[in-house]
Amino acid sequence: MSMRECKTRRLLTGGAVVAGLLAAAAGTAQAEGKGPFGLGAPVEEGDLAGFTTVQPDGRGLPPGSGNVAQGAEIYAQQCAACHGEKLEGNPAEGIGGPVLIGGRGSLASEAPKKTVESYWPYAPTLFDYVKRSMPFTSPGSLSDEEVYAVSAYILAEAGIVAGDATLDAESLAAVEMPNRNGFIPDPRPEHQLYR
Amino acid sequence: MRLTKEQEREIEARRLAEARLLAERREAARQDEECECREGMFPAASASRRGLLSGGSAMAGAAVAALLQGRTVRAEEAPAGAVLRDVPEDPTKMLGEAVAADGGYGSRSQFETEVRWRYPTANEYTSWSMTPLQDSLGNLTPSGLHFERHHGGIPTIDPARHTLFVHGMVDKARKFSMEDIRRFPSVTRKHFIECSGNGLTEWKKPTLKTVQGTHGLLSTSEWTGVLFSTIAREVGIDPDAAWVLAEGADAAVMTRSIPMEKMLQDAILAYGQNGEAIRPEQGYPLRLLLPGFEGNTHIKWLRRLVISDKPFMTREETSKYTDLLPDGRARQFSLEMDAKSVITFPSGDMRLPRPGFYTISGLAWSGRGRIQSVEVSVDGGKSWQPAQLDTTPEPVCTVRFSLPWAWDGKPAVLQSRCTDETGYVQPRLDELVALRGTSSIYHLNAIQSWAVAADGSVSNVHA
């Protein structure tokens, strides 16, 4: 292979050709608010409107509110078929909906029962998950108000909020979940397993 | 006499029917001659599949029943991924299939029956299917046998309408079409993906019979895509950003928070798998690939990356995929997959027909780099012999290993144990349980034991 072929080949297979092109293109692209490759398009207003992005401190929770009584009605219509009338879950073939409440104090036992009540560390996660992924067969169909309401109902049945509670962005983020401090960072790799 | 078209068709149909009948008779005769041990050594229908039926799975029905009967029904119905063709007595005495008569996309032989096995969860839309490792050859998993874990079924996505949004703590929030994404410089790398729930049934006692059941949430592919670091440059990342939320476009709208360090190190936005577009069940048209991280984080049908300073604490990274310890606390963001290996031949539910020569073979892998070495024991871990590495170790990729073995016909316990390039040695189950208890569900990477009985039958044991 000649020097020239070798060089061409390296350029074609490596990043060098890209770097060269980028140097030439970068000036124009960045002047237009683009990245070095000038690919894609700016995110426009409204593009992100359909997305839910909730964080545990409550960032991303939408406006609106819902109360326990409203939540009980929505739960009966939308949730009970899979999660049970009393939030006890429904293991039936074709359903397999998990239990939502109970299990406090069981985590260190031989039969830990992991539920929203006993295990979930952050209440905003409940809103986030129900809003995105529930009801199972028609995900994303509940309004923000309905999700606040059904979250309030589940948390009330779990004994975490009062039976007459109304939840909104601020109050949901302020809910203290029983297992809030139950998680530790991953310590692996376990040094005991090196020889 | 000139036959009408209709008569010609009728004669052809009769000829086909008779040929099929003959083939069935031959098949039946051949089956009678076949010893049980041969069926058992490479089971056409694994125990897990039988277990599936008795478990009352929703996958029951004619198709599965046909599969379970294996060879007898082959003359009637082709296995998944195959096309049924008449089998000539002597293939040198007649023409074969016409070129490109398959429509331009090939299929496997009608004599190959291995399939993914769906774990019998109550709901078949949130469930998983496992790779038939007992039949695996070499190192790569065929795309159609790559394990699956879905939380809301498999979406059908038109790539022309698929958009990836990258926003949050960036200089320039941007959206990319699939055409944009394919225009970026790409990388092609071989990596395994393993679900951290692989082996979850095996903590307390040996439960599933086959290696498909105990280890089948492991698959290896060659992946092609654009590095996240390339996209990061395109949008400009805020120096205070530390986490990225990846979101899928399925009914579960699956989300996981990924450390920025990992994203910039080697995350791939993958659109290619084994030389073609990713399969729908693997995330078509775009998935996240995080070499060495637990499978759940490799978000499929990727539609959004949100850059942030903190993790989002989604349902999957709090209530699931956290590892409960005996004291009631749980490890969180246990993302890397520890080094692990398993013997795939001989393995559970097979039967060795007689004493003599066999090649023990298996797979080893580590989420932290290359596999350095693999050892095999045939006496339950009392003594170890170095195995041969049949493929070149690559970072965060499986290797195929093997060891020649002369079985003396006495009971034996086969084990493999690997060491990765960080010096981590695959532990025994009792070592893991001492550190983590038996309720952590995820990240079981202990040494697997297969007991070979004097009659040659192989079973899953804790030894």
# chains A, B, ... in the order shown; residues from 1 in each chain; ligands from 1
>>> interface_residues(of="chain A", to="chain B", cutoff="6 Å", atoms="only C-alpha atoms", output="list in words")
Gly35, Pro36, Leu39, Gly40, Ala41, Pro42, Val43, Gln55, Glu93, Gly94, Ile95, Gly96, Leu107, Ala108, Trp120, Thr125, Ser133, Gly182, Phe183, Ile184, Pro185, Asp186 and Tyr194 of chain A
>>> residues_around(residues="Ala242 in chain B", least_positions_apart="6", cutoff="10 Å", atoms="only C-alpha atoms", output="list of chain:residue names")
B:Met169, B:Ser257, B:Ile258, B:Pro259, B:Met260, B:Glu261, B:Lys262, B:Met263, B:Ile307, B:Ser308, B:Asp309, B:Lys310, B:Pro311
>>> closest_residue(among="B:Gln415, B:Thr398, B:Ser457, B:Ser221", to="Gly380 in chain B", atoms="only C-alpha atoms")
B:Gln415
>>> residues_around(residues="Tyr119 in chain B", least_positions_apart="5", cutoff="8 Å", atoms="only C-alpha atoms", output="list in words")
Leu52, Ser127, Trp128, Ser129 and Met130 of chain B
>>> select_by_dssp(residues="range 295-393 of chain B", states="strand (DSSP E)", output="PyMOL selection string")
chain B and resi 302-308+323-324+330-332+340-345+356-365+371-377+385-386+388-389
>>> select_by_dssp(residues="range 157-189 of chain A", states="alpha helix (DSSP H)", output="VMD selection string")
chain A and resid 157 169 to 174
>>> atom_distance(atom1="CA of Trp405 in chain B", atom2="CA of Val378 in chain B")
8.7 Å
>>> atom_distance(atom1="CA of Val83 in chain B", atom2="CA of Glu112 in chain B")
10.8 Å
>>> residues_around(residues="Ala149 in chain A", least_positions_apart="4", cutoff="6 Å", atoms="only C-alpha atoms", output="PyMOL selection string")
chain A and resi 66-68+70-71
>>> write_last_selection(atoms="C-alpha atoms", output="mmCIF file, in the first residue's frame")
data_model
loop_
_atom_site.group_PDB
_atom_site.id
_atom_site.type_symbol
_atom_site.label_atom_id
_atom_site.label_comp_id
_atom_site.auth_asym_id
_atom_site.auth_seq_id
_atom_site.Cartn_x
_atom_site.Cartn_y
_atom_site.Cartn_z
ATOM 1 C CA GLY A 66 -56.918 16.384 42.757
ATOM 2 C CA ASN A 67 -58.321 15.038 46.018
ATOM 3 C CA VAL A 68 -58.794 11.644 47.626
ATOM 4 C CA GLN A 70 -62.125 12.157 43.267
ATOM 5 C CA GLY A 71 -59.273 9.667 43.250
#
>>> atom_distance(atom1="CA of Ile447 in chain B", atom2="CA of Leu429 in chain B")
6.4 Å
>>> residues_around(residues="range 201-217 of chain B", least_positions_apart="3", cutoff="7 Å", atoms="only C-alpha atoms", output="PyMOL selection string")
chain B and resi 47-48+130-134+147+194-195+198+344+347-349+438+459-462
